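Worksheet: one structure, shown below.
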Amino acid sequence: MSSRIVADNSLSINNVTTPYFDLMEMDDLTRRPASAEMPTLGQLLKHVGDARKEAAGDGSETPVHHALDIVDAAGVGPRSLPFVLSFSNLTYSVKARRKMSLSSVFPRRRSRLGGSAVAEAPAVGESMFRRTKTLLNDISGEARDGEIMAVLGASGSGKSTLIDALANRIAKGSLKGTVALNGETLESRLLKVISAYVMQDDLLFPMLTVEETLMFAAEFRLPRTLSKSKKNARVQALIEQLGLRNAAKTVIGDEGHRGVSGGERRRVSIGIDIIHDPILLFLDEPTSGLDSTSAFLVVKVLQRIAQSGSIVIMSIHQPSYRILGLLDRMIFLSRGQTVYSGSPSQLPVFFSEFGHPIPETDNRTEFALDLIRELEGSPGGTKSLVEFNKSWQSMTKHHQTTTEAERNGLSLKEAISASISRGKLVSGATNTNPNPSSMVPTFANPFWIEMATLSKRSFLNSRRMPELFGIRLGAVMVTGFILATMFWQLDNSPKGVQERLGFFAFAMSTTFYTTADALPVFLQERYIFMRETAYNAYRRISYLVSHAVVALPALAFLSLAFAATTFWAVGLDGGVSGFLFYFLIIFASFWAGNSFVTFLSGVVPHVMLGYTIVVAILAYFLLFSGFFINRDRIPSYWIWFHYLSLVKYPYEAVLQNEFDDPVKCFVRGVQIFDNTPLGSVPQALKLKLLDAMSNTLGMNITTSTCLTTGSDILRQNGVTDLTKWNCLWVTVAWGFFFRFLFYFSLLLGSKNKRS
């Protein structure tokens with residue numbers, strides 16, 4: 001026996017319903033023998049794409065509607081339930097700021113007429129300024145393999161919070177209660193591998209095409225033991241089944257780049273999270289923003305996913321009558337409490353016994369939500385409905401005791417083994433390990449595969465936005481051109497020395513300021529990173545290494561461009577070897593600055609705040625670098641900042657690269673009077689003064705006598721601690737240190753969990 005689901009509007013003529021569009025029979029699904037294996041996830045999504053494309057206006061042509069024959073579950077015969085996700089007494093509270101008023105600060109006494117005080121005293125554990133807000137209050141229930149459990153309620157009722165609690169997206173110490181799979185406590189490591197969480201927001205790279213986005217998801221979630229052709233075949237099948245064939249070669253797009261439509265973007269978001277065919281599937285408002293037909297077909301697909309051996313748990317705001325018929329279990333929430341838990345078919349009996357029968361002409365869920373909202377506004381709230389639901393649940397469990405005792409459940413290991421045998425968990429699972437947590441690998445691929453895939457994706461995304469690198473290169477070239485023309489061919493006079501010092505200070509600080517563009521890079525990718533690492537798509541260390549690897553080629557090119565623009569134009573010393581070191585120290589400066597800004601992007605959540613902090617700290621680095629005030633003149637209580645300054649080490653390195661020649665002279669004879677009040681006196685008077693100095697000192701000082709060498713200039717500026725190569729290594733080490741800190745910020749600040 002089968003039932004036919006027609007995904008179109010029908011035209012009724014003379015009481016005969018005729019399909020408005022031509023129908024196509026799916027023989028491969030409807031005429032499958034009863035003993036055949038359940039279809040995979042790819043086979044279940046075949047029809048959602050076309051209907052959603054038409055409803056959302058996607059694509060250039062209107063797809064043909066299909067009628068899908070679905071084999072009745074009774075025809076297959078009864079089977080044991082491999083997975084049961086049970087949760088009991090889930091309670092979650094947060095500290096919220098109390099609204100302050102004069103009445104709360106100075107509570108009134110009870111009036112003589114017996115009236116109650118206006119302000120309530122803080123409860124136990126609360127303070128005058130903070131109160132405890134309970135988001136989940138003693139929530140219990142279960143979801144079974146082959147069924148869809150929907151969480152319903154008004155905005156703020158706790159739907160998303162309950163989904164997060166079941167998906168282990170709430171910190172362990174904050175959530176009270178238990179979540180178990182087949183009676184065994186669900187470990188965080190195992191849950192990450194066997195589950196998927198589809199967020200309500202679409203978090204995608206804008207310059208990748210639909211096909212590339214899904215292919216990268218396959219590279220992350222599918223094991224390297226699968227060949228490239230098999231991964232590509234899985235992606236192509238998913239594209240067909242999601243109805244994205246016409247948009248496969250189109251970029252995702254963003255505000256500045258035109259791409260796919262909103263409906264197609266939503267389908268891509270779902271596709272990347274379910275490409276590995278998970279056992280547990282959590283969805284936060286999957287029908288949000290969709291029309292009635294598209295929403296129905298999405299839930300229909302979710303029903304077939306559940307029938308393939310998955311547990312599907314989703315939150316939904318207000319399902320239509322047709323969607324209601326696809327749901328197996330429902331939980332209605334009101335301000336964090338359960339007001340109904342059971343099947344949709346029991347709703348009329350439940351509310352009838354509660355004293356509010358549902359009219360036959362009303363939508364059951366709409367009536368229930370309206371009644372809950374009405375009770376919430378009453379003085380007693382929904383307390384009566386909550387208590388009635390508890391008594392109803394106890395009575396229902398009493399009647400189901402025999403049925404539950406007869407059900408022959410499977411252990412977690414047996415259930416996972418059976419699931420693997422049916423083709424689920426293609427992320428590299430095996431059914432030979434006795435430990436359930438060890439049956440599935442933590443990550444589908446080794447470190448180097450993840451790093452290579454992440455690097456490839458970043459290079460591809462950056463290559464399609466050449467204007468970003470062009471702006472960076474233009475800024476560096478313009479700065480180099482201005483410096484080259486401003487400090488053109490400096491001489492070896494005392495003024496030339498002073499001008500060299502100014503050039504080096506400005507040039508080295510510029511290399512750090514131009515790396516501030518790295519700040520928004522991770523801030524834009526933060527939520528994509530959190531979504532992908534939350535369920536072990538790749539390791540955080542893989543992202544760290546690939547992030548650095550992708551940045552190095554651009555930094556090397558910018559360093560070479562700046563060095564070539566300024567070195568010979570300014571007339572710096574050292575020849576080819578001097579230029580090579582000059583290039584290396586600029587490259588090291590770019591590396592250290594980029595790493596510093598990247599670390600800040602992992603700590604600071606907002607771009608403008610991050611730019612403010614970067615500019616301020618880099619200004620402090622320049623102040624304590626030794627250019628404005630020599631190290632020997634810095635107060636002892638600030639000397640520590642001098643050694644923490646990132647500008648100090650490259651600045652001292654280029655000074656040594658320029659002035660390390662002990663025989664090169666920069667002050668001869670009468671040049672000693674330059675940069676002094678005597679510098680403006682006639683030349684003859686300078687010679688007389690020079691003779692007088694010679695007689696006084698007892699040495700012959702002529703106009704060609706060298707009075708100051710490069711080594712003297714280094715000593716005058718306090719550059720005596722480290723050699724130029726040591727300064728280079730310290731600068732490079734600063735870059736690795738800030739990358740190390742960035743890694744810790746990824747570990748601590750990107751857990752994607754509620755506290």
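Residues are referred to by chain and number: the chain letter is A, B, ... according to the order shown in the structure tokens, the number counts from 1 in that chain, and ligands are numbered separately from 1 in the order shown.
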
Strand (DSSP E) call set, DSSP backbone run, region 466-689 of chain A, as a PyMOL selection string = chain A and resi 665-668

Can you tell me, as a PDB file with all heavy atoms, in the first residue's frame, what residues are no more than 10 Å from Thr723 (chain A) when counting only C-alpha atoms, ignoring any on the same chain fewer than 2 positions away?
ATOM      1  N   TYR A 649      63.041  45.833  17.175  1.00  0.00           N
ATOM      2  CA  TYR A 649      63.985  44.873  16.605  1.00  0.00           C
ATOM      3  C   TYR A 649      64.226  45.087  15.110  1.00  0.00           C
ATOM      4  O   TYR A 649      65.388  45.093  14.685  1.00  0.00           O
ATOM      5  CB  TYR A 649      63.514  43.455  16.921  1.00  0.00           C
ATOM      6  CG  TYR A 649      63.407  43.223  18.412  1.00  0.00           C
ATOM      7  CD1 TYR A 649      62.182  43.315  19.070  1.00  0.00           C
ATOM      8  CD2 TYR A 649      64.541  42.962  19.175  1.00  0.00           C
ATOM      9  CE1 TYR A 649      62.090  43.133  20.448  1.00  0.00           C
ATOM     10  CE2 TYR A 649      64.457  42.780  20.558  1.00  0.00           C
ATOM     11  CZ  TYR A 649      63.228  42.874  21.194  1.00  0.00           C
ATOM     12  OH  TYR A 649      63.150  42.709  22.548  1.00  0.00           O
ATOM     13  N   GLU A 652      66.352  48.401  14.857  1.00  0.00           N
ATOM     14  CA  GLU A 652      67.771  48.225  15.173  1.00  0.00           C
ATOM     15  C   GLU A 652      68.472  47.380  14.120  1.00  0.00           C
ATOM     16  O   GLU A 652      69.667  47.590  13.840  1.00  0.00           O
ATOM     17  CB  GLU A 652      67.914  47.588  16.555  1.00  0.00           C
ATOM     18  CG  GLU A 652      67.463  48.488  17.700  1.00  0.00           C
ATOM     19  CD  GLU A 652      67.751  47.889  19.057  1.00  0.00           C
ATOM     20  OE1 GLU A 652      68.258  46.744  19.101  1.00  0.00           O
ATOM     21  OE2 GLU A 652      67.489  48.555  20.075  1.00  0.00           O
ATOM     22  N   ALA A 653      67.752  46.449  13.500  1.00  0.00           N
ATOM     23  CA  ALA A 653      68.372  45.598  12.473  1.00  0.00           C
ATOM     24  C   ALA A 653      68.754  46.415  11.247  1.00  0.00           C
ATOM     25  O   ALA A 653      69.864  46.259  10.708  1.00  0.00           O
ATOM     26  CB  ALA A 653      67.409  44.474  12.099  1.00  0.00           C
ATOM     27  N   GLN A 656      71.783  48.617  11.946  1.00  0.00           N
ATOM     28  CA  GLN A 656      73.050  47.882  11.885  1.00  0.00           C
ATOM     29  C   GLN A 656      73.391  47.497  10.453  1.00  0.00           C
ATOM     30  O   GLN A 656      74.573  47.475  10.083  1.00  0.00           O
ATOM     31  CB  GLN A 656      72.961  46.626  12.762  1.00  0.00           C
ATOM     32  CG  GLN A 656      72.833  46.938  14.244  1.00  0.00           C
ATOM     33  CD  GLN A 656      72.901  45.692  15.103  1.00  0.00           C
ATOM     34  OE1 GLN A 656      73.949  45.049  15.197  1.00  0.00           O
ATOM     35  NE2 GLN A 656      71.790  45.350  15.725  1.00  0.00           N
ATOM     36  N   ASN A 657      72.396  47.203   9.655  1.00  0.00           N
ATOM     37  CA  ASN A 657      72.658  46.881   8.251  1.00  0.00           C
ATOM     38  C   ASN A 657      73.238  48.077   7.506  1.00  0.00           C
ATOM     39  O   ASN A 657      74.021  47.912   6.559  1.00  0.00           O
ATOM     40  CB  ASN A 657      71.360  46.434   7.583  1.00  0.00           C
ATOM     41  CG  ASN A 657      71.586  45.835   6.215  1.00  0.00           C
ATOM     42  OD1 ASN A 657      72.424  44.952   6.036  1.00  0.00           O
ATOM     43  ND2 ASN A 657      70.846  46.328   5.222  1.00  0.00           N
ATOM     44  N   ASP A 660      76.938  49.333  10.033  1.00  0.00           N
ATOM     45  CA  ASP A 660      77.849  48.369  10.670  1.00  0.00           C
ATOM     46  C   ASP A 660      79.243  48.382  10.074  1.00  0.00           C
ATOM     47  O   ASP A 660      80.124  47.650  10.543  1.00  0.00           O
ATOM     48  CB  ASP A 660      77.271  46.957  10.591  1.00  0.00           C
ATOM     49  CG  ASP A 660      77.118  46.482   9.157  1.00  0.00           C
ATOM     50  OD1 ASP A 660      77.280  47.309   8.228  1.00  0.00           O
ATOM     51  OD2 ASP A 660      76.800  45.289   8.954  1.00  0.00           O
ATOM     52  N   VAL A 719      72.232  51.113  20.086  1.00  0.00           N
ATOM     53  CA  VAL A 719      72.011  49.859  19.363  1.00  0.00           C
ATOM     54  C   VAL A 719      73.244  48.989  19.565  1.00  0.00           C
ATOM     55  O   VAL A 719      74.141  48.918  18.708  1.00  0.00           O
ATOM     56  CB  VAL A 719      71.742  50.123  17.868  1.00  0.00           C
ATOM     57  CG1 VAL A 719      71.434  48.816  17.143  1.00  0.00           C
ATOM     58  CG2 VAL A 719      70.615  51.110  17.694  1.00  0.00           C
ATOM     59  N   THR A 720      73.316  48.345  20.716  1.00  0.00           N
ATOM     60  CA  THR A 720      74.489  47.537  21.045  1.00  0.00           C
ATOM     61  C   THR A 720      74.122  46.178  21.622  1.00  0.00           C
ATOM     62  O   THR A 720      75.012  45.354  21.847  1.00  0.00           O
ATOM     63  CB  THR A 720      75.363  48.288  22.076  1.00  0.00           C
ATOM     64  OG1 THR A 720      74.569  48.597  23.237  1.00  0.00           O
ATOM     65  CG2 THR A 720      75.912  49.586  21.486  1.00  0.00           C
ATOM     66  N   ASP A 721      72.852  45.916  21.867  1.00  0.00           N
ATOM     67  CA  ASP A 721      72.461  44.669  22.546  1.00  0.00           C
ATOM     68  C   ASP A 721      72.571  43.451  21.646  1.00  0.00           C
ATOM     69  O   ASP A 721      73.190  42.449  22.013  1.00  0.00           O
ATOM     70  CB  ASP A 721      71.020  44.781  23.057  1.00  0.00           C
ATOM     71  CG  ASP A 721      70.951  45.603  24.332  1.00  0.00           C
ATOM     72  OD1 ASP A 721      72.015  45.894  24.888  1.00  0.00           O
ATOM     73  OD2 ASP A 721      69.835  45.944  24.749  1.00  0.00           O
ATOM     74  N   TRP A 725      71.345  39.978  12.825  1.00  0.00           N
ATOM     75  CA  TRP A 725      70.719  38.675  12.580  1.00  0.00           C
ATOM     76  C   TRP A 725      69.895  38.224  13.789  1.00  0.00           C
ATOM     77  O   TRP A 725      68.827  37.622  13.636  1.00  0.00           O
ATOM     78  CB  TRP A 725      71.782  37.632  12.233  1.00  0.00           C
ATOM     79  CG  TRP A 725      72.355  37.831  10.866  1.00  0.00           C
ATOM     80  CD1 TRP A 725      73.568  38.365  10.559  1.00  0.00           C
ATOM     81  CD2 TRP A 725      71.710  37.540   9.629  1.00  0.00           C
ATOM     82  NE1 TRP A 725      73.740  38.417   9.195  1.00  0.00           N
ATOM     83  CE2 TRP A 725      72.610  37.912   8.594  1.00  0.00           C
ATOM     84  CE3 TRP A 725      70.483  37.006   9.271  1.00  0.00           C
ATOM     85  CZ2 TRP A 725      72.307  37.767   7.247  1.00  0.00           C
ATOM     86  CZ3 TRP A 725      70.182  36.857   7.928  1.00  0.00           C
ATOM     87  CH2 TRP A 725      71.075  37.232   6.932  1.00  0.00           C
ATOM     88  N   ASN A 726      70.383  38.530  14.971  1.00  0.00           N
ATOM     89  CA  ASN A 726      69.584  38.216  16.148  1.00  0.00           C
ATOM     90  C   ASN A 726      68.292  39.025  16.173  1.00  0.00           C
ATOM     91  O   ASN A 726      67.241  38.529  16.589  1.00  0.00           O
ATOM     92  CB  ASN A 726      70.392  38.475  17.423  1.00  0.00           C
ATOM     93  CG  ASN A 726      71.464  37.427  17.656  1.00  0.00           C
ATOM     94  OD1 ASN A 726      71.375  36.310  17.147  1.00  0.00           O
ATOM     95  ND2 ASN A 726      72.501  37.789  18.408  1.00  0.00           N
ATOM     96  N   CYS A 727      68.378  40.275  15.759  1.00  0.00           N
ATOM     97  CA  CYS A 727      67.163  41.093  15.654  1.00  0.00           C
ATOM     98  C   CYS A 727      66.186  40.485  14.659  1.00  0.00           C
ATOM     99  O   CYS A 727      64.959  40.502  14.879  1.00  0.00           O
ATOM    100  CB  CYS A 727      67.514  42.519  15.242  1.00  0.00           C
ATOM    101  SG  CYS A 727      68.359  43.483  16.511  1.00  0.00           S
ATOM    102  N   LEU A 728      66.705  39.934  13.572  1.00  0.00           N
ATOM    103  CA  LEU A 728      65.847  39.288  12.586  1.00  0.00           C
ATOM    104  C   LEU A 728      65.149  38.075  13.193  1.00  0.00           C
ATOM    105  O   LEU A 728      63.933  37.908  13.037  1.00  0.00           O
ATOM    106  CB  LEU A 728      66.686  38.874  11.372  1.00  0.00           C
ATOM    107  CG  LEU A 728      65.965  38.041  10.304  1.00  0.00           C
ATOM    108  CD1 LEU A 728      64.846  38.848   9.645  1.00  0.00           C
ATOM    109  CD2 LEU A 728      66.955  37.528   9.254  1.00  0.00           C
TER     110      LEU A 728
END

Spatial neighbours of Glu658 (chain A), 10 Å, only C-alpha atoms, chain gap at least 2 places, as a PyMOL selection string = chain A and resi 500+504+572-574+578+582+652-656+660-661+710+714

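Counting only C-alpha atoms and comparing A:Tyr651, A:Tyr543, A:Phe736, A:Phe220, the residue that lies closest to Met508 (chain A) is A:Tyr651.
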
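Proximity of A:Leu687, A:Leu747, A:Gly698, A:Leu584 to Leu544 (chain A), computed with only C-alpha atoms, is greatest for A:Leu747.
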
Considering only C-alpha atoms, state which residue in the set A:Thr479, A:Ser188, A:Ser645, A:Ser546 is at the smallest distance from Phe459 (chain A).
-> A:Ser546

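Minimum atom-to-atom distance to Glu525 (chain A), evaluated using only C-alpha atoms, belongs to A:Ser458 out of A:Ser559, A:Gln489, A:Asn675, A:Ser458.
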
Region 530-715 of chain A: residues DSSP assigns to helix (DSSP H, G or I), reported as a ChimeraX atom specification | /A:530-534,540-570,575-603,607-623,631-633,636-644,648-659,669-673,677-680,683-697,710-715

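With only C-alpha atoms as the atoms that count, the minimum distance from Ser711 (chain A) to the choices A:Leu644, A:Ile672, A:Val663, A:Leu685 is reached by A:Val663.
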
Contacts of Ala218 (chain A) at 12 Å (only C-alpha atoms; same-chain gap of 4+ positions) as a count of residues only = 34

Counting only C-alpha atoms, the option among A:Thr514, A:Glu187, A:Arg322, A:Leu90 closest to Ile471 (chain A) | A:Thr514

Glu387 (chain A): which residues within 12 Å, counting only C-alpha atoms, same-chain residues fewer than 4 positions away excluded, as a PyMOL selection string?
-> chain A and resi 337-340+354+381-383+391-394

Near region 342-346 of chain A, counting only C-alpha atoms, which residues have an atom at most 8 Å away, once you skip same-chain residues fewer than 6 positions from it, shown as a PDB file with C-alpha atoms, in the first residue's frame?
ATOM      1  CA  LEU A 324       1.766  18.765  11.143  1.00  0.00           C
ATOM      2  CA  GLY A 325       0.905  15.457   9.476  1.00  0.00           C
ATOM      3  CA  LEU A 327       5.654  15.196  12.538  1.00  0.00           C
ATOM      4  CA  ASP A 328       5.900  12.225  14.898  1.00  0.00           C
ATOM      5  CA  ARG A 329       6.553  13.955  18.208  1.00  0.00           C
ATOM      6  CA  MET A 330       5.974  17.473  19.408  1.00  0.00           C
ATOM      7  CA  ILE A 331       7.126  19.459  22.409  1.00  0.00           C
TER       8      ILE A 331
END

Give me, as an mmCIF file with N, CA, C and O atoms, in the first residue's frame, all polymer residues having an atom no more than 7 Å from region 160-162 of chain A, counting only C-alpha atoms and skipping those fewer than 2 positions away in the same chain.
data_model
loop_
_atom_site.group_PDB
_atom_site.id
_atom_site.type_symbol
_atom_site.label_atom_id
_atom_site.label_comp_id
_atom_site.auth_asym_id
_atom_site.auth_seq_id
_atom_site.Cartn_x
_atom_site.Cartn_y
_atom_site.Cartn_z
ATOM 1 N N GLY A 158 12.123 29.146 24.335
ATOM 2 C CA GLY A 158 13.223 28.226 24.629
ATOM 3 C C GLY A 158 13.447 27.168 23.573
ATOM 4 O O GLY A 158 14.148 26.184 23.824
ATOM 5 N N ASP A 164 19.959 23.541 21.263
ATOM 6 C CA ASP A 164 21.365 23.690 21.637
ATOM 7 C C ASP A 164 21.742 22.742 22.768
ATOM 8 O O ASP A 164 22.853 22.201 22.796
ATOM 9 N N ALA A 165 20.843 22.540 23.719
ATOM 10 C CA ALA A 165 21.133 21.636 24.835
ATOM 11 C C ALA A 165 21.299 20.209 24.343
ATOM 12 O O ALA A 165 22.214 19.494 24.774
ATOM 13 N N LEU A 166 20.429 19.770 23.444
ATOM 14 C CA LEU A 166 20.524 18.405 22.923
ATOM 15 C C LEU A 166 21.744 18.233 22.025
ATOM 16 O O LEU A 166 22.320 17.142 21.953
ATOM 17 N N ASP A 284 17.764 24.261 13.348
ATOM 18 C CA ASP A 284 17.173 25.436 13.987
ATOM 19 C C ASP A 284 16.379 26.213 12.943
ATOM 20 O O ASP A 284 16.954 26.849 12.057
ATOM 21 N N SER A 315 13.490 22.776 15.464
ATOM 22 C CA SER A 315 12.589 23.782 16.018
ATOM 23 C C SER A 315 11.819 24.408 14.862
ATOM 24 O O SER A 315 12.340 24.562 13.760
#
